[in-house]
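Okay, data_8.txt is below, compact mmCIF, C-alpha atoms:
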# COMPACT_ATOMS: atom_id res chain seq x y z
CA MET A 1 16.97 -7.62 -31.51
CA GLY A 2 15.00 -5.30 -33.77
CA GLY A 3 14.07 -5.33 -37.40
CA ILE A 4 11.08 -5.89 -39.61
CA ILE A 5 9.73 -9.29 -40.58
CA TYR A 6 7.26 -9.58 -43.42
CA LEU A 7 4.81 -12.40 -43.02
CA ARG A 8 2.53 -13.61 -45.79
CA LEU A 9 0.26 -16.49 -44.87
CA LYS A 10 -0.24 -19.28 -47.39
CA LYS A 11 -3.82 -19.65 -48.52
CA GLN A 12 -4.18 -23.36 -47.95
CA LEU A 13 -2.12 -26.18 -46.57
CA SER A 14 -2.59 -29.92 -46.50
CA VAL A 15 -1.08 -31.77 -43.54
CA ARG A 16 -1.20 -35.16 -41.86
CA PRO A 17 -3.09 -35.63 -38.57
CA ASN A 18 -1.25 -34.54 -35.39
CA ALA A 19 1.17 -32.41 -37.38
CA GLU A 20 3.03 -29.64 -35.58
CA LEU A 21 2.81 -26.40 -37.51
CA LYS A 22 5.67 -23.96 -37.47
CA VAL A 23 5.76 -20.49 -38.94
CA LYS A 24 7.70 -21.66 -42.00
CA ASP A 25 4.98 -24.27 -42.73
CA ILE A 26 2.11 -21.82 -42.89
CA ALA A 27 3.70 -18.62 -44.15
CA TYR A 28 6.28 -17.08 -46.45
CA ILE A 29 8.71 -14.97 -44.47
CA SER A 30 10.95 -12.14 -45.60
CA GLY A 31 13.35 -9.90 -43.76
CA PRO A 32 16.97 -9.85 -42.51
CA GLU A 33 18.31 -13.40 -42.79
CA PRO A 34 19.34 -13.98 -39.14
CA LEU A 35 15.89 -12.82 -38.04
CA VAL A 36 14.11 -15.05 -40.56
CA ASN A 37 16.13 -18.05 -39.39
CA LYS A 38 15.10 -17.41 -35.80
CA VAL A 39 11.46 -16.78 -36.56
CA LYS A 40 10.78 -19.56 -39.06
CA ASN A 41 10.97 -22.43 -36.58
CA THR A 42 8.60 -20.85 -34.08
CA PHE A 43 5.83 -23.22 -33.08
CA VAL A 44 2.36 -21.97 -33.98
CA TYR A 45 -0.22 -24.67 -33.69
CA GLN A 46 -0.57 -28.35 -32.86
CA ILE A 47 -3.15 -30.25 -34.91
CA THR A 48 -5.27 -32.44 -32.65
CA GLU A 49 -8.06 -34.99 -33.09
CA SER A 50 -10.64 -32.34 -32.26
CA ASP A 51 -9.74 -30.42 -35.42
CA GLN A 52 -11.20 -33.28 -37.48
CA THR A 53 -10.70 -32.53 -41.16
CA VAL A 54 -10.14 -28.79 -41.33
CA SER A 55 -8.69 -26.07 -39.16
CA VAL A 56 -8.25 -22.36 -39.66
CA ILE A 57 -5.35 -20.41 -38.23
CA ASP A 58 -5.85 -16.68 -38.02
CA GLY A 59 -2.95 -14.41 -38.91
CA PHE A 60 -3.46 -12.76 -35.54
CA VAL A 61 -2.60 -16.03 -33.74
CA VAL A 62 0.70 -16.23 -35.61
CA VAL A 63 1.57 -12.61 -34.81
CA ASP A 64 0.59 -13.22 -31.19
CA GLN A 65 2.91 -16.24 -30.87
CA LEU A 66 5.79 -14.34 -32.46
CA ILE A 67 5.39 -11.26 -30.29
CA ASN A 68 5.32 -13.43 -27.17
CA LYS A 69 8.62 -14.98 -28.15
CA PHE A 70 10.40 -12.01 -29.71
CA GLN A 71 9.35 -8.91 -27.80
CA ASP A 72 10.84 -6.16 -29.95
CA LEU A 73 10.12 -7.67 -33.34
CA ASP A 74 8.22 -5.58 -35.88
CA ILE A 75 5.93 -7.91 -37.80
CA GLN A 76 4.27 -6.81 -41.01
CA HIS A 77 1.45 -9.16 -41.84
CA ILE A 78 0.48 -9.07 -45.53
CA GLY A 79 -1.66 -11.26 -47.75
CA PRO A 80 -4.51 -13.54 -46.61
CA ASN A 81 -5.80 -12.99 -43.09
CA GLN A 82 -6.03 -16.67 -42.32
CA ILE A 83 -4.84 -20.02 -43.56
CA ILE A 84 -7.05 -23.06 -44.12
CA VAL A 85 -5.35 -26.23 -42.98
CA HIS A 86 -6.77 -29.41 -44.48
CA ILE A 87 -6.05 -32.47 -42.42
CA ALA A 88 -5.92 -35.51 -44.68
CA LYS A 89 -5.26 -39.00 -43.38
CA GLN A 90 -4.10 -40.20 -46.74
CA LYS A 91 -4.55 -38.85 -50.22
CA LYS A 92 -6.61 -41.63 -51.68
CA ARG A 93 -7.60 -41.99 -55.28
CA PRO A 94 -11.31 -41.58 -55.99
CA SER A 95 -12.92 -44.94 -56.62
CA VAL A 96 -13.74 -45.90 -60.19
CA ILE A 97 -17.18 -47.08 -59.11
CA LEU A 98 -18.05 -43.64 -57.74
CA VAL A 99 -16.89 -41.90 -60.91
CA ALA A 100 -18.80 -44.43 -63.03
CA PHE A 101 -21.92 -43.86 -60.92
CA ILE A 102 -21.77 -40.10 -61.40
CA TRP A 103 -21.05 -40.59 -65.10
CA VAL A 104 -24.15 -42.76 -65.54
CA LEU A 105 -26.20 -40.38 -63.39
CA LEU A 106 -25.30 -37.39 -65.56
CA PHE A 107 -25.76 -39.46 -68.72
CA ILE A 108 -29.25 -40.71 -67.91
CA GLY A 109 -30.25 -37.42 -66.35
CA SER A 110 -29.24 -35.44 -69.44
CA ALA A 111 -30.86 -37.93 -71.80
CA MET A 112 -34.17 -37.82 -69.92
CA ALA A 113 -34.05 -34.05 -69.45
CA ILE A 114 -33.61 -33.42 -73.17
CA MET A 115 -36.33 -35.98 -74.07
CA ASN A 116 -38.76 -34.36 -71.65
CA PHE A 117 -37.85 -30.99 -73.12
CA HIS A 118 -38.53 -32.21 -76.67
CA TYR A 119 -41.94 -33.55 -75.70
CA ASP A 120 -42.73 -30.55 -73.53
CA VAL A 121 -42.22 -28.09 -76.39
CA SER A 122 -43.69 -30.53 -78.99
CA MET A 123 -40.52 -30.21 -81.00
CA GLU A 124 -41.34 -32.99 -83.45
CA GLU A 125 -44.69 -31.37 -84.29
CA VAL A 126 -42.99 -28.04 -84.91
CA GLN A 127 -40.37 -29.67 -87.11
CA GLU A 128 -43.05 -31.48 -89.16
CA LYS A 129 -45.04 -28.28 -89.57
CA LEU A 130 -41.98 -26.38 -90.68
CA HIS A 131 -41.04 -29.19 -93.07
CA TYR A 132 -44.54 -28.94 -94.58
CA MET A 133 -44.29 -25.16 -94.85
CA LEU A 134 -40.94 -25.38 -96.61
CA THR A 135 -41.52 -28.33 -98.92
CA GLY A 136 -45.30 -28.64 -99.15
CA LYS A 137 -45.00 -32.33 -98.33
CA LYS A 138 -46.11 -34.08 -95.18
CA LYS A 139 -43.42 -36.21 -93.60
CA SER A 140 -43.36 -37.77 -90.15
CA ASN A 141 -39.62 -37.76 -89.55
CA PRO A 142 -38.02 -34.63 -91.03
CA LEU A 143 -34.46 -35.96 -90.83
CA TRP A 144 -33.18 -32.97 -92.80
CA MET A 145 -33.90 -30.94 -89.72
CA GLN A 146 -33.36 -33.48 -86.98
CA ILE A 147 -29.84 -34.60 -87.89
CA PRO A 148 -28.40 -31.04 -88.13
CA TYR A 149 -30.30 -30.27 -84.93
CA SER A 150 -28.48 -33.07 -83.15
CA PHE A 151 -25.11 -31.90 -84.45
CA GLY A 152 -25.93 -28.35 -83.38
CA LEU A 153 -26.87 -29.61 -79.93
CA GLY A 154 -23.52 -31.34 -79.44
CA ILE A 155 -21.49 -28.49 -80.90
CA GLY A 156 -23.34 -25.93 -78.80
CA MET A 157 -22.52 -27.80 -75.63
CA ILE A 158 -18.88 -28.28 -76.59
CA LEU A 159 -18.63 -24.54 -77.33
CA PHE A 160 -20.07 -23.80 -73.91
CA PHE A 161 -17.68 -26.13 -72.10
CA ASN A 162 -14.90 -24.55 -74.20
CA HIS A 163 -13.06 -27.69 -75.11
CA LEU A 164 -13.39 -30.82 -77.19
CA PHE A 165 -12.14 -33.41 -74.70
CA LYS A 166 -8.41 -32.56 -74.62
CA LYS A 167 -8.27 -29.64 -77.00
CA ARG A 168 -9.11 -26.15 -75.80
CA PHE A 169 -10.36 -23.40 -78.09
CA ASN A 170 -8.67 -20.61 -76.14
CA GLU A 171 -7.01 -19.80 -72.85
CA GLU A 172 -10.23 -18.92 -71.07
CA PRO A 173 -11.47 -21.33 -68.43
CA SER A 174 -14.81 -22.95 -69.18
CA PRO A 175 -17.89 -21.70 -67.33
CA LEU A 176 -18.02 -25.04 -65.56
CA GLU A 177 -14.49 -24.61 -64.24
CA VAL A 178 -15.39 -21.10 -63.07
CA GLU A 179 -18.47 -22.48 -61.35
CA ILE A 180 -16.38 -25.15 -59.60
CA PHE A 181 -13.91 -22.47 -58.52
CA LYS A 182 -16.70 -20.25 -57.20
CA TYR A 183 -18.19 -23.15 -55.30
CA GLN A 184 -14.82 -23.93 -53.70
CA GLN A 185 -14.37 -20.26 -52.83
CA ASP A 186 -17.76 -20.16 -51.12
CA LEU A 187 -16.86 -23.27 -49.12
CA ASP A 188 -13.51 -21.75 -48.13
CA ALA A 189 -15.18 -18.51 -47.05
CA TYR A 190 -17.64 -20.49 -44.93
CA VAL A 191 -14.86 -22.54 -43.35
CA THR A 192 -12.65 -19.53 -42.57
CA ASP A 193 -15.56 -17.95 -40.77
CA LYS A 194 -16.90 -20.96 -38.88
CA GLU A 195 -13.66 -22.77 -38.03
CA ASN A 196 -11.74 -19.71 -36.93
CA MET A 197 -11.14 -20.03 -33.19
CA LEU A 198 -11.01 -16.28 -32.71
CA ASN A 199 -14.47 -15.86 -34.19
CA SER A 200 -16.02 -18.54 -31.98
CA LEU A 201 -14.42 -17.06 -28.85
CA HIS A 202 -16.01 -13.76 -29.70
CA ASP A 203 -19.39 -15.46 -30.02
CA THR A 204 -19.29 -17.02 -26.58
CA ASN A 205 -18.47 -13.67 -24.98
CA LYS A 206 -21.66 -12.09 -26.21
CA MET H 1 -29.06 -32.13 -106.36
CA ILE H 2 -30.22 -31.25 -102.87
CA PRO H 3 -33.35 -29.05 -102.91
CA ILE H 4 -32.97 -25.58 -101.40
CA SER H 5 -35.73 -26.27 -98.89
CA SER H 6 -33.71 -29.12 -97.43
CA LEU H 7 -30.69 -26.88 -96.99
CA LEU H 8 -32.89 -24.29 -95.34
CA GLU H 9 -34.28 -26.94 -93.04
CA ALA H 10 -30.80 -28.09 -92.16
CA LEU H 11 -29.82 -24.53 -91.32
CA VAL H 12 -32.86 -24.06 -89.10
CA GLY H 13 -32.20 -27.40 -87.42
CA PHE H 14 -28.52 -26.68 -86.80
CA ALA H 15 -29.19 -23.19 -85.42
CA SER H 16 -31.91 -24.37 -83.05
CA GLY H 17 -29.71 -27.23 -81.90
CA LEU H 18 -26.87 -24.83 -81.17
CA LEU H 19 -29.10 -22.68 -78.97
CA VAL H 20 -30.79 -25.54 -77.16
CA GLY H 21 -27.42 -27.17 -76.50
CA THR H 22 -25.78 -24.10 -74.98
CA GLY H 23 -28.94 -23.31 -73.04
CA PHE H 24 -29.17 -26.81 -71.63
CA VAL H 25 -25.58 -26.83 -70.41
CA ALA H 26 -25.80 -23.27 -69.11
CA PHE H 27 -28.81 -24.30 -67.05
CA LEU H 28 -27.00 -27.29 -65.56
CA THR H 29 -23.92 -25.18 -64.86
CA VAL H 30 -25.79 -22.34 -63.18
CA LEU H 31 -27.58 -24.78 -60.91
CA GLY H 32 -24.19 -26.13 -59.90
CA ILE H 33 -25.05 -29.81 -59.96
CA ILE H 34 -21.74 -30.92 -61.46
CA PRO H 35 -19.59 -28.86 -59.01
CA ARG H 36 -21.59 -30.30 -56.13
CA LEU H 37 -21.14 -33.88 -57.37
CA ILE H 38 -17.42 -33.28 -57.87
CA GLN H 39 -17.08 -31.85 -54.38
CA LEU H 40 -19.03 -34.73 -52.83
CA SER H 41 -16.95 -37.38 -54.56
CA LYS H 42 -13.62 -35.46 -54.53
CA THR H 43 -13.15 -36.19 -58.23
CA ILE H 44 -12.01 -32.81 -59.52
CA SER H 45 -9.72 -34.51 -62.05
CA TYR H 46 -12.67 -36.15 -63.79
CA VAL H 47 -14.37 -32.97 -64.98
CA LYS H 48 -13.88 -33.82 -68.64
CA PRO H 49 -15.45 -37.30 -68.50
CA TYR H 50 -18.43 -35.73 -66.72
CA GLU H 51 -18.81 -33.11 -69.45
CA ALA H 52 -18.59 -35.86 -72.04
CA SER H 53 -21.25 -37.77 -70.13
CA VAL H 54 -23.66 -34.85 -70.35
CA ILE H 55 -23.00 -34.35 -74.06
CA ILE H 56 -23.33 -38.03 -74.98
CA GLY H 57 -26.40 -38.32 -72.76
CA VAL H 58 -28.11 -35.43 -74.49
CA LEU H 59 -27.31 -36.82 -77.93
CA PHE H 60 -28.62 -40.23 -76.92
CA GLY H 61 -31.79 -38.60 -75.58
CA THR H 62 -32.22 -36.72 -78.85
CA TYR H 63 -31.86 -39.98 -80.77
CA LEU H 64 -34.49 -41.60 -78.56
CA SER H 65 -36.87 -38.64 -79.01
CA PHE H 66 -36.79 -38.69 -82.80
CA ALA H 67 -36.21 -42.35 -83.67
CA ASP H 68 -38.75 -45.13 -83.42
CA VAL H 69 -36.58 -47.79 -81.88
CA THR H 70 -37.42 -50.51 -79.40
CA PHE H 71 -34.93 -52.20 -77.12
CA HIS H 72 -36.23 -55.41 -75.61
CA ILE H 73 -34.55 -55.15 -72.22
CA SER H 74 -35.73 -56.45 -68.86
CA THR H 75 -37.72 -54.48 -66.29
CA ILE H 76 -34.71 -54.40 -63.97
CA PHE H 77 -32.96 -52.10 -66.43
CA VAL H 78 -36.00 -49.85 -66.45
CA ILE H 79 -35.92 -49.71 -62.65
CA ILE H 80 -32.25 -48.71 -62.70
CA TRP H 81 -32.86 -46.12 -65.42
CA GLY H 82 -35.81 -44.68 -63.48
CA SER H 83 -33.85 -44.48 -60.23
CA PHE H 84 -31.00 -42.61 -61.88
CA HIS H 85 -33.47 -40.27 -63.53
CA GLY H 86 -35.13 -39.70 -60.15
CA VAL H 87 -31.85 -38.85 -58.41
CA PHE H 88 -30.96 -36.43 -61.19
CA ILE H 89 -34.33 -34.65 -61.11
CA GLY H 90 -34.18 -34.60 -57.32
CA MET H 91 -30.85 -32.78 -57.46
CA LEU H 92 -32.22 -30.44 -60.11
CA ALA H 93 -35.24 -29.54 -57.99
CA ALA H 94 -33.16 -29.13 -54.84
CA ALA H 95 -30.65 -26.95 -56.68
CA LEU H 96 -33.47 -24.81 -58.04
CA THR H 97 -34.90 -24.09 -54.57
CA GLU H 98 -31.35 -23.45 -53.35
CA VAL H 99 -30.61 -20.96 -56.15
CA LEU H 100 -33.83 -19.11 -55.43
CA ASN H 101 -32.85 -18.73 -51.75
CA VAL H 102 -36.13 -20.18 -50.58
CA PHE H 103 -34.78 -21.65 -47.35
CA PRO H 104 -32.67 -18.76 -46.03
CA LEU H 105 -35.60 -16.42 -46.55
CA LEU H 106 -38.17 -18.72 -45.04
CA THR H 107 -36.12 -19.57 -41.95
CA LYS H 108 -35.36 -15.91 -41.28
CA ARG H 109 -39.00 -14.92 -41.67
CA ILE H 110 -40.45 -17.52 -39.32
CA GLY H 111 -37.41 -17.63 -37.00
CA MET H 112 -36.52 -21.26 -37.63
CA ASP H 113 -32.80 -20.71 -38.21
CA ASN H 114 -31.71 -23.82 -36.33
CA HIS H 115 -34.42 -26.15 -37.55
CA ILE H 116 -33.77 -25.96 -41.28
CA ILE H 117 -33.49 -29.77 -41.40
CA TRP H 118 -37.23 -30.13 -40.69
CA LEU H 119 -38.10 -27.89 -43.59
CA LEU H 120 -35.78 -29.90 -45.82
CA MET H 121 -37.36 -33.16 -44.69
CA ALA H 122 -40.84 -31.72 -45.34
CA ILE H 123 -39.83 -30.87 -48.90
CA VAL H 124 -38.17 -34.26 -49.46
CA PHE H 125 -41.15 -36.27 -48.23
CA GLY H 126 -43.55 -33.95 -49.97
CA LYS H 127 -41.78 -34.55 -53.26
CA ILE H 128 -41.74 -38.33 -52.79
CA CYS H 129 -45.42 -38.46 -51.83
CA GLY H 130 -46.42 -36.08 -54.60
CA SER H 131 -44.55 -38.07 -57.23
CA LEU H 132 -45.98 -41.38 -56.04
CA PHE H 133 -49.49 -39.90 -55.90
CA GLN H 134 -49.23 -38.55 -59.42
CA TRP H 135 -47.99 -41.74 -61.06
CA VAL H 136 -49.91 -44.32 -59.02
CA ILE H 137 -53.29 -42.60 -58.55
CA PHE H 138 -53.64 -39.28 -60.36
CA VAL H 139 -52.78 -40.14 -63.99
CA ARG H 140 -54.35 -43.61 -64.01
Go ahead and render the structure in this file as structure tokens.
Amino acid sequence: MGGIIYLRLKKQLSVRPNAELKVKDIAYISGPEPLVNKVKNTFVYQITESDQTVSVIDGFVVVDQLINKFQDLDIQHIGPNQIIVHIAKQKKRPSVILVAFIWVLLFIGSAMAIMNFHYDVSMEEVQEKLHYMLTGKKKSNPLWMQIPYSFGLGIGMILFFNHLFKKRFNEEPSPLEVEIFKYQQDLDAYVTDKENMLNSLHDTNK
Amino acid sequence: MIPISSLLEALVGFASGLLVGTGFVAFLTVLGIIPRLIQLSKTISYVKPYEASVIIGVLFGTYLSFADVTFHISTIFVIIWGSFHGVFIGMLAAALTEVLNVFPLLTKRIGMDNHIIWLLMAIVFGKICGSLFQWVIFVR
């Protein structure tokens, strides 16, 4: 039984605890159809309690299992080198209280941060001085400057986030979304390194 | 007829607001406080409300900075407000040290790779003590 099988691991997978992972669950397979049908139900990994919430399966482990079962199979492994398996008990909705807490935290934090900034740079003094320079009159609350300032503040932030609530200005993701993506990518890179069984085996042999 | 100086003032005000606004949000974004909060609470779908929270918060803060208003609310509200402010500044300070790679450098230099928690605790308690000292003793 010869022939080439192309194996492309999925990047991530979300499964229930104690799931039994087969090749077709964790990878896309291509090749001659009879071969694919044989290969796709090959057992790869059994999720156990000790995996806790995340497990990483290295592409090498998959190839190893397949070669053990089908001696003369030519396996071409393309794509990601490992798959991150998230083990979720149940997909639960985030609680409203938690979201409300974070909302209030960001709200108060931003309000205080901007107030401290205004006092720190003596913004009101500067505005009054500039009002005097422009009009020659002393005035304690130069609203002609403060109200446009406030509008500018809001508009500047909306421009940065790249959307006004639902509406987007263009196809680009907002810097915040990019930052969230980068953060997730860092976490994934950490997990693939630390949770990979092959890597930890190597460490104990040192 | 609106005097030209007022229009000029409005222009200056609007322009400075635009810059401060983008700068403020860029600062928060670079420090990664919102991504961290989202990751902790698993609320990726609520990004937009959080952005709105920051924007409304900043506008409210601007109103408070420039207007002479008094709300006659109980001390309990002040305690809640202060606690939230503290948590936010705490995250800001922690994120700042994190961005500057203080800990990885320090632990490598003095060979404390596995005891990073003690350094963290030192910073946490140092911040609490320092803040209490400043407000209770130093500025009085």
If you count all atoms listed in the file, which residues fall within 10 Å of range 95-103 of chain H, apart from same-chain ones fewer than 3 positions away, as a ChimeraX atom specification? /H:28,30-33,36,89-92,106-109,112-113,116,119-120
Using all atoms listed in the file, which residue out of A:Gln185, A:Gln12, A:Ser174, A:Gln82 lies closest to Thr29 in chain H? A:Ser174
Please tabulate, as CSV, the residues of chain H that come within 6 Å of chain A, each with its closest pair of atoms and the distance in Å to one decimal, counting only C-alpha atoms and ordering rows by chain, then residue number upward.
residue,atom,partner,partner_atom,distance
H:Ser5,CA,A:Leu134,CA,5.8
H:Glu9,CA,A:Met145,CA,5.2
H:Ala10,CA,A:Met145,CA,4.9
H:Gly13,CA,A:Tyr149,CA,4.2
H:Phe14,CA,A:Tyr149,CA,4.4
H:Gly17,CA,A:Leu153,CA,4.2
H:Leu18,CA,A:Gly152,CA,4.3
H:Gly21,CA,A:Leu153,CA,4.2
H:Thr22,CA,A:Gly156,CA,4.9
H:Thr29,CA,A:Leu176,CA,5.9
H:Pro35,CA,A:Ile180,CA,4.9
H:Tyr50,CA,A:Trp103,CA,5.8
H:Ser53,CA,A:Phe107,CA,5.0
H:Val54,CA,A:Phe107,CA,5.3
H:Gly57,CA,A:Phe107,CA,4.2
H:Val58,CA,A:Ala111,CA,4.6
H:Gly61,CA,A:Ala111,CA,3.9
H:Ser65,CA,A:Met115,CA,5.6
H:Phe84,CA,A:Leu105,CA,5.5
H:His85,CA,A:Gly109,CA,5.1
H:Phe88,CA,A:Gly109,CA,5.3
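Comparing the minimum interatomic distances between Ile55 in chain H and each of H:Phe24, H:Gly82, H:Ile38, H:Thr75, counting all atoms listed in the file, we find that H:Phe24 sits nearest.
Here CA of Leu187 in chain A stands at a distance of 25.8 Å from CA of Ile97 in chain A.
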Once 4 Å is added on each side, what centre and edge lengths in Å to one decimal does the axis-aligned box around all listed atoms of range 93-107 of chain H have, as lines of an AutoDock Vina configuration file?
center_x = -34.4
center_y = -23.0
center_z = -50.0
size_x = 15.6
size_y = 21.1
size_z = 24.1
Which residues come within 10 Å of Val62 in chain A, counting all atoms listed in the file, excluding same-chain residues fewer than 6 positions away, as number ranges by chain? A: 7, 9, 22-23, 26-27, 42-45, 77, 82
Output C-alpha atoms for every residue in the selection just made, as a PDB file, keeping the file's coordinate frame.
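Result written to out_23.pdb:
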ATOM      1  CA  LEU A   7       4.810 -12.400 -43.020  1.00  0.00           C
ATOM      2  CA  LEU A   9       0.260 -16.490 -44.870  1.00  0.00           C
ATOM      3  CA  LYS A  22       5.670 -23.960 -37.470  1.00  0.00           C
ATOM      4  CA  VAL A  23       5.760 -20.490 -38.940  1.00  0.00           C
ATOM      5  CA  ILE A  26       2.110 -21.820 -42.890  1.00  0.00           C
ATOM      6  CA  ALA A  27       3.700 -18.620 -44.150  1.00  0.00           C
ATOM      7  CA  THR A  42       8.600 -20.850 -34.080  1.00  0.00           C
ATOM      8  CA  PHE A  43       5.830 -23.220 -33.080  1.00  0.00           C
ATOM      9  CA  VAL A  44       2.360 -21.970 -33.980  1.00  0.00           C
ATOM     10  CA  TYR A  45      -0.220 -24.670 -33.690  1.00  0.00           C
ATOM     11  CA  HIS A  77       1.450  -9.160 -41.840  1.00  0.00           C
ATOM     12  CA  GLN A  82      -6.030 -16.670 -42.320  1.00  0.00           C
TER      13      GLN A  82
END
Can range 88-95 of chain H be brought up to all heavy atoms and written out as a JSON list (two decimals), in the frame of the given file?
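File selection30.json, as written:
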[["chain", "number", "residue", "atom", "x", "y", "z"],
["H", 88, "PHE", "N", -31.36, -37.61, -60.43],
["H", 88, "PHE", "CA", -30.96, -36.43, -61.19],
["H", 88, "PHE", "C", -32.00, -35.31, -61.05],
["H", 88, "PHE", "O", -31.66, -34.16, -60.74],
["H", 88, "PHE", "CB", -30.78, -36.80, -62.66],
["H", 88, "PHE", "CG", -30.21, -35.70, -63.50],
["H", 88, "PHE", "CD1", -28.85, -35.48, -63.53],
["H", 88, "PHE", "CD2", -31.04, -34.88, -64.25],
["H", 88, "PHE", "CE1", -28.32, -34.47, -64.31],
["H", 88, "PHE", "CE2", -30.52, -33.86, -65.02],
["H", 88, "PHE", "CZ", -29.16, -33.66, -65.05],
["H", 89, "ILE", "N", -33.28, -35.66, -61.22],
["H", 89, "ILE", "CA", -34.33, -34.65, -61.11],
["H", 89, "ILE", "C", -34.42, -34.12, -59.68],
["H", 89, "ILE", "O", -34.65, -32.93, -59.44],
["H", 89, "ILE", "CB", -35.69, -35.22, -61.58],
["H", 89, "ILE", "CG1", -35.64, -35.55, -63.07],
["H", 89, "ILE", "CG2", -36.83, -34.25, -61.31],
["H", 89, "ILE", "CD1", -35.43, -34.38, -63.99],
["H", 90, "GLY", "N", -34.18, -35.02, -58.72],
["H", 90, "GLY", "CA", -34.18, -34.60, -57.32],
["H", 90, "GLY", "C", -33.13, -33.52, -57.08],
["H", 90, "GLY", "O", -33.40, -32.50, -56.45],
["H", 91, "MET", "N", -31.93, -33.76, -57.62],
["H", 91, "MET", "CA", -30.85, -32.78, -57.46],
["H", 91, "MET", "C", -31.21, -31.47, -58.15],
["H", 91, "MET", "O", -30.96, -30.38, -57.64],
["H", 91, "MET", "CB", -29.55, -33.32, -58.03],
["H", 91, "MET", "CG", -28.97, -34.45, -57.24],
["H", 91, "MET", "SD", -27.27, -34.77, -57.68],
["H", 91, "MET", "CE", -27.38, -34.82, -59.44],
["H", 92, "LEU", "N", -31.83, -31.62, -59.34],
["H", 92, "LEU", "CA", -32.22, -30.44, -60.11],
["H", 92, "LEU", "C", -33.21, -29.59, -59.32],
["H", 92, "LEU", "O", -33.06, -28.37, -59.20],
["H", 92, "LEU", "CB", -32.84, -30.90, -61.44],
["H", 92, "LEU", "CG", -32.66, -30.03, -62.66],
["H", 92, "LEU", "CD1", -31.20, -30.01, -63.07],
["H", 92, "LEU", "CD2", -33.51, -30.57, -63.80],
["H", 93, "ALA", "N", -34.21, -30.26, -58.75],
["H", 93, "ALA", "CA", -35.24, -29.54, -57.99],
["H", 93, "ALA", "C", -34.65, -28.90, -56.75],
["H", 93, "ALA", "O", -34.94, -27.74, -56.42],
["H", 93, "ALA", "CB", -36.37, -30.50, -57.61],
["H", 94, "ALA", "N", -33.79, -29.66, -56.06],
["H", 94, "ALA", "CA", -33.16, -29.13, -54.84],
["H", 94, "ALA", "C", -32.29, -27.92, -55.18],
["H", 94, "ALA", "O", -32.33, -26.91, -54.49],
["H", 94, "ALA", "CB", -32.32, -30.21, -54.18],
["H", 95, "ALA", "N", -31.53, -28.04, -56.27],
["H", 95, "ALA", "CA", -30.65, -26.95, -56.68],
["H", 95, "ALA", "C", -31.46, -25.71, -57.04],
["H", 95, "ALA", "O", -31.07, -24.59, -56.74],
["H", 95, "ALA", "CB", -29.80, -27.38, -57.86]]
